[in-house]
Structure formats: structure tokens, C-alpha cells
Amino acid sequence: GRGFVYCQILSPLNKKIYDLGTKGSGQTPFSRGFDGRLTLKGGVRELIACEYLHRMHVPTCRLISIIETGENLTRTDEPSPARSCVIVRLSFSNIRFGTFERLKYIKRPDLISKLLDHVIDKYYPEVFIDTTTNNTTTPFNKYHAFFNILIDRVSYLVASWMSAGFCHG
């Protein structure tokens with residue numbers, strides 16, 4: 001609820017799309033009534049976790065910077081006032097399972113299919129590659145092909161988290 005994506009960058013090196021965003025920059029429509037701020041302690045903890053996961057070859061975002069804002073925050077789970085920060089991070093995508101779940105919740109199946117087509121076109125180009133010939137093809141059912149690739153990626157990600165001792169929470 002406190003993350004915000006500012007732009008997307010197409011890498012000239014690997015042709016992947018990266019999201020550049022912040023965490024702790026303030027309220028978003030999904031902040032659920034909270035202030036959308038991040039404590040410096042939380043920002044440093046995220047930096048350490050992300051760098052550890054990256055060094056363990058676990059797919060993760062990368063933090064570009066931590067900027068202390070000078071604000072004092074009141075928190076119930078750590079000594080207050082706590083120092084505030086904004087982190088700037090680079091990630092492969094900020095589209096989550098919850099992005100689709102929210103569209104189902106607000107009863108917009110038309111947007112679910114549009115989002116799914118966007119995700120496949122932009123983030124899963126291998127759906128359109130015939131692995132037996134390495135030629136570009138249009139699969140009979142791109143959603144089925146996407147789902148199979150998604151299962152592989154998510155399984156790899158969760159197994160990587162577990163092997164690195166990380167628990168997403």
C-alpha cells in the first residue's frame with residue numbers, strides 16, 4: 001500500500017522491462033488508511049534482505065537508494081519517534097497475484113483479460129516461442145502456455161526463497 005511505480009525502463013542489454021518505484025513515499029489508494037511511510041529501520045532491513053537474496057541468486061528487486069526524509073514517525077511496533085525514509089527500487093515487475101484478485105473483487109473481468117494479455121505480451125515473450133524449433137509462433141492457447149511457465153517461475157521463486165531461509169510475509 002505504500003509502493004508507487006514511477007516509470008518503466010526497457011533495458012537495451014536484455015530487452016526486459018524494469019519498474020522504477022518508491023516505497024514509503026506516502027499514501028496510495030491501497031494504503032488502507034495508514035500513512036504510507038517507511039521507517040529508516042524498515043528501509044535498511046529491506047536493503048539487507050534484497051541484497052542477501054540477490055547474492056543468493058534469488059529473483060528479487062534491487063534497491064537503488066535509501067533517502068532519509070527527516071520526518072518522525074509514530075509506530076506501535078518499534079520505539080517512537082522513528083526516523084522516516086523513502087527507498088527507490090528497481091524490479092522486474094510490480095504486477096502481483098493481488099493485482100488480478102483486486103480486479104475480480106471489483107467485478108471487472110474485462111480488465112482481468114486485458115491485464116493478462118499485457119502481462120503475457122510484455123513479460124512472458126517465451127509464450128510465443130516454439131521450443132522445438134526456436135521459431136516464433138502463436139500458441140493454440142497462449143493462456144495455457146502462460147500458466148505452465150508461471151507455475152515453473154513461481155515454483156522456482158518459492159524454492160529459492162526457502163533455500164535462502166526467506167519467508168514472504
# chains A, B, ... in the order shown; residues from 1 in each chain; ligands from 1

call {"tool": "residues_around", "arguments": {"residues": "Arg89 in chain A", "least_positions_apart": "6", "cutoff": "7 Å", "atoms": "only C-alpha atoms", "output": "VMD selection string"}}
result
chain A and resid 20 to 22 61 to 64

call {"tool": "write_last_selection", "arguments": {"atoms": "C-alpha atoms", "output": "mmCIF file, in the first residue's frame"}}
result
data_model
loop_
_atom_site.group_PDB
_atom_site.id
_atom_site.type_symbol
_atom_site.label_atom_id
_atom_site.label_comp_id
_atom_site.auth_asym_id
_atom_site.auth_seq_id
_atom_site.Cartn_x
_atom_site.Cartn_y
_atom_site.Cartn_z
ATOM 1 C CA LEU A 20 11.337 2.085 -11.115
ATOM 2 C CA GLY A 21 9.407 2.912 -7.986
ATOM 3 C CA THR A 22 9.460 4.010 -4.401
ATOM 4 C CA CYS A 61 14.097 -6.286 -6.606
ATOM 5 C CA ARG A 62 17.210 -4.137 -6.142
ATOM 6 C CA LEU A 63 17.341 -1.023 -4.009
ATOM 7 C CA ILE A 64 18.945 1.936 -5.739
#

call {"tool": "residues_around", "arguments": {"residues": "range 153-165 of chain A", "least_positions_apart": "5", "cutoff": "12 Å", "atoms": "only C-alpha atoms", "output": "list of chain:residue names"}}
result
A:Ala49, A:Cys50, A:Glu51, A:Tyr52, A:Leu53, A:His54, A:Arg55, A:Met56, A:His57, A:Val58, A:Pro59, A:Thr60, A:Arg96, A:Phe97, A:Tyr123, A:Tyr124, A:Phe146, A:Phe147, A:Asn148

call {"tool": "atom_distance", "arguments": {"atom1": "CA of Leu38 in chain A", "atom2": "CA of Val86 in chain A"}}
result
6.4 Å

call {"tool": "closest_residue", "arguments": {"among": "A:Glu46, A:Ser84, A:Ile17, A:Phe4", "to": "Pro29 in chain A", "atoms": "only C-alpha atoms"}}
result
A:Phe4

call {"tool": "residues_around", "arguments": {"residues": "range 110-115 of chain A", "least_positions_apart": "3", "cutoff": "10 Å", "atoms": "only C-alpha atoms", "output": "list in words"}}
result
Ile95, Thr99, Phe100, Glu101, Arg102, Leu103, Lys104, Lys107, His118, Val119, Ile120 and Asp121 of chain A

call {"tool": "select_by_dssp", "arguments": {"residues": "range 30-142 of chain A", "states": "strand (DSSP E or B)", "output": "list in words"}}
result
Arg37, Leu38, Thr39, Arg62, Leu63, Ile64, Ser65, Ile66, Ile67, Glu68, Thr69, Gly70, Glu71, Asn72, Leu73, Ala82, Arg83, Ser84, Cys85, Val86, Ile87, Val88, Arg89, Leu90, Ser91, Ile129, Asp130, Asn135 and Thr136 of chain A

call {"tool": "write_last_selection", "arguments": {"atoms": "C-alpha atoms", "output": "mmCIF file, in the first residue's frame"}}
result
data_model
loop_
_atom_site.group_PDB
_atom_site.id
_atom_site.type_symbol
_atom_site.label_atom_id
_atom_site.label_comp_id
_atom_site.auth_asym_id
_atom_site.auth_seq_id
_atom_site.Cartn_x
_atom_site.Cartn_y
_atom_site.Cartn_z
ATOM 1 C CA ARG A 37 5.603 5.999 5.198
ATOM 2 C CA LEU A 38 8.559 3.712 5.861
ATOM 3 C CA THR A 39 10.840 3.777 8.872
ATOM 4 C CA ARG A 62 17.210 -4.137 -6.142
ATOM 5 C CA LEU A 63 17.341 -1.023 -4.009
ATOM 6 C CA ILE A 64 18.945 1.936 -5.739
ATOM 7 C CA SER A 65 18.879 4.296 -2.767
ATOM 8 C CA ILE A 66 17.563 4.989 0.705
ATOM 9 C CA ILE A 67 16.682 8.620 1.331
ATOM 10 C CA GLU A 68 16.094 9.791 4.891
ATOM 11 C CA THR A 69 13.232 12.298 4.870
ATOM 12 C CA GLY A 70 13.682 13.956 8.255
ATOM 13 C CA GLU A 71 10.127 13.081 9.304
ATOM 14 C CA ASN A 72 9.471 11.467 12.654
ATOM 15 C CA LEU A 73 7.017 8.574 12.577
ATOM 16 C CA ALA A 82 11.157 6.596 14.370
ATOM 17 C CA ARG A 83 13.172 8.126 11.535
ATOM 18 C CA SER A 84 11.476 8.059 8.123
ATOM 19 C CA CYS A 85 12.880 7.156 4.718
ATOM 20 C CA VAL A 86 11.912 6.518 1.129
ATOM 21 C CA ILE A 87 13.532 3.706 -0.798
ATOM 22 C CA VAL A 88 13.948 3.722 -4.560
ATOM 23 C CA ARG A 89 13.903 0.296 -6.110
ATOM 24 C CA LEU A 90 14.196 -1.390 -9.471
ATOM 25 C CA SER A 91 12.125 -4.508 -10.058
ATOM 26 C CA ILE A 129 8.447 -19.319 -28.881
ATOM 27 C CA ASP A 130 8.182 -22.862 -30.185
ATOM 28 C CA ASN A 135 10.826 -20.071 -34.057
ATOM 29 C CA THR A 136 8.227 -17.506 -33.107
#

call {"tool": "atom_distance", "arguments": {"atom1": "CA of Ile151 in chain A", "atom2": "CA of Gly98 in chain A"}}
result
16.2 Å
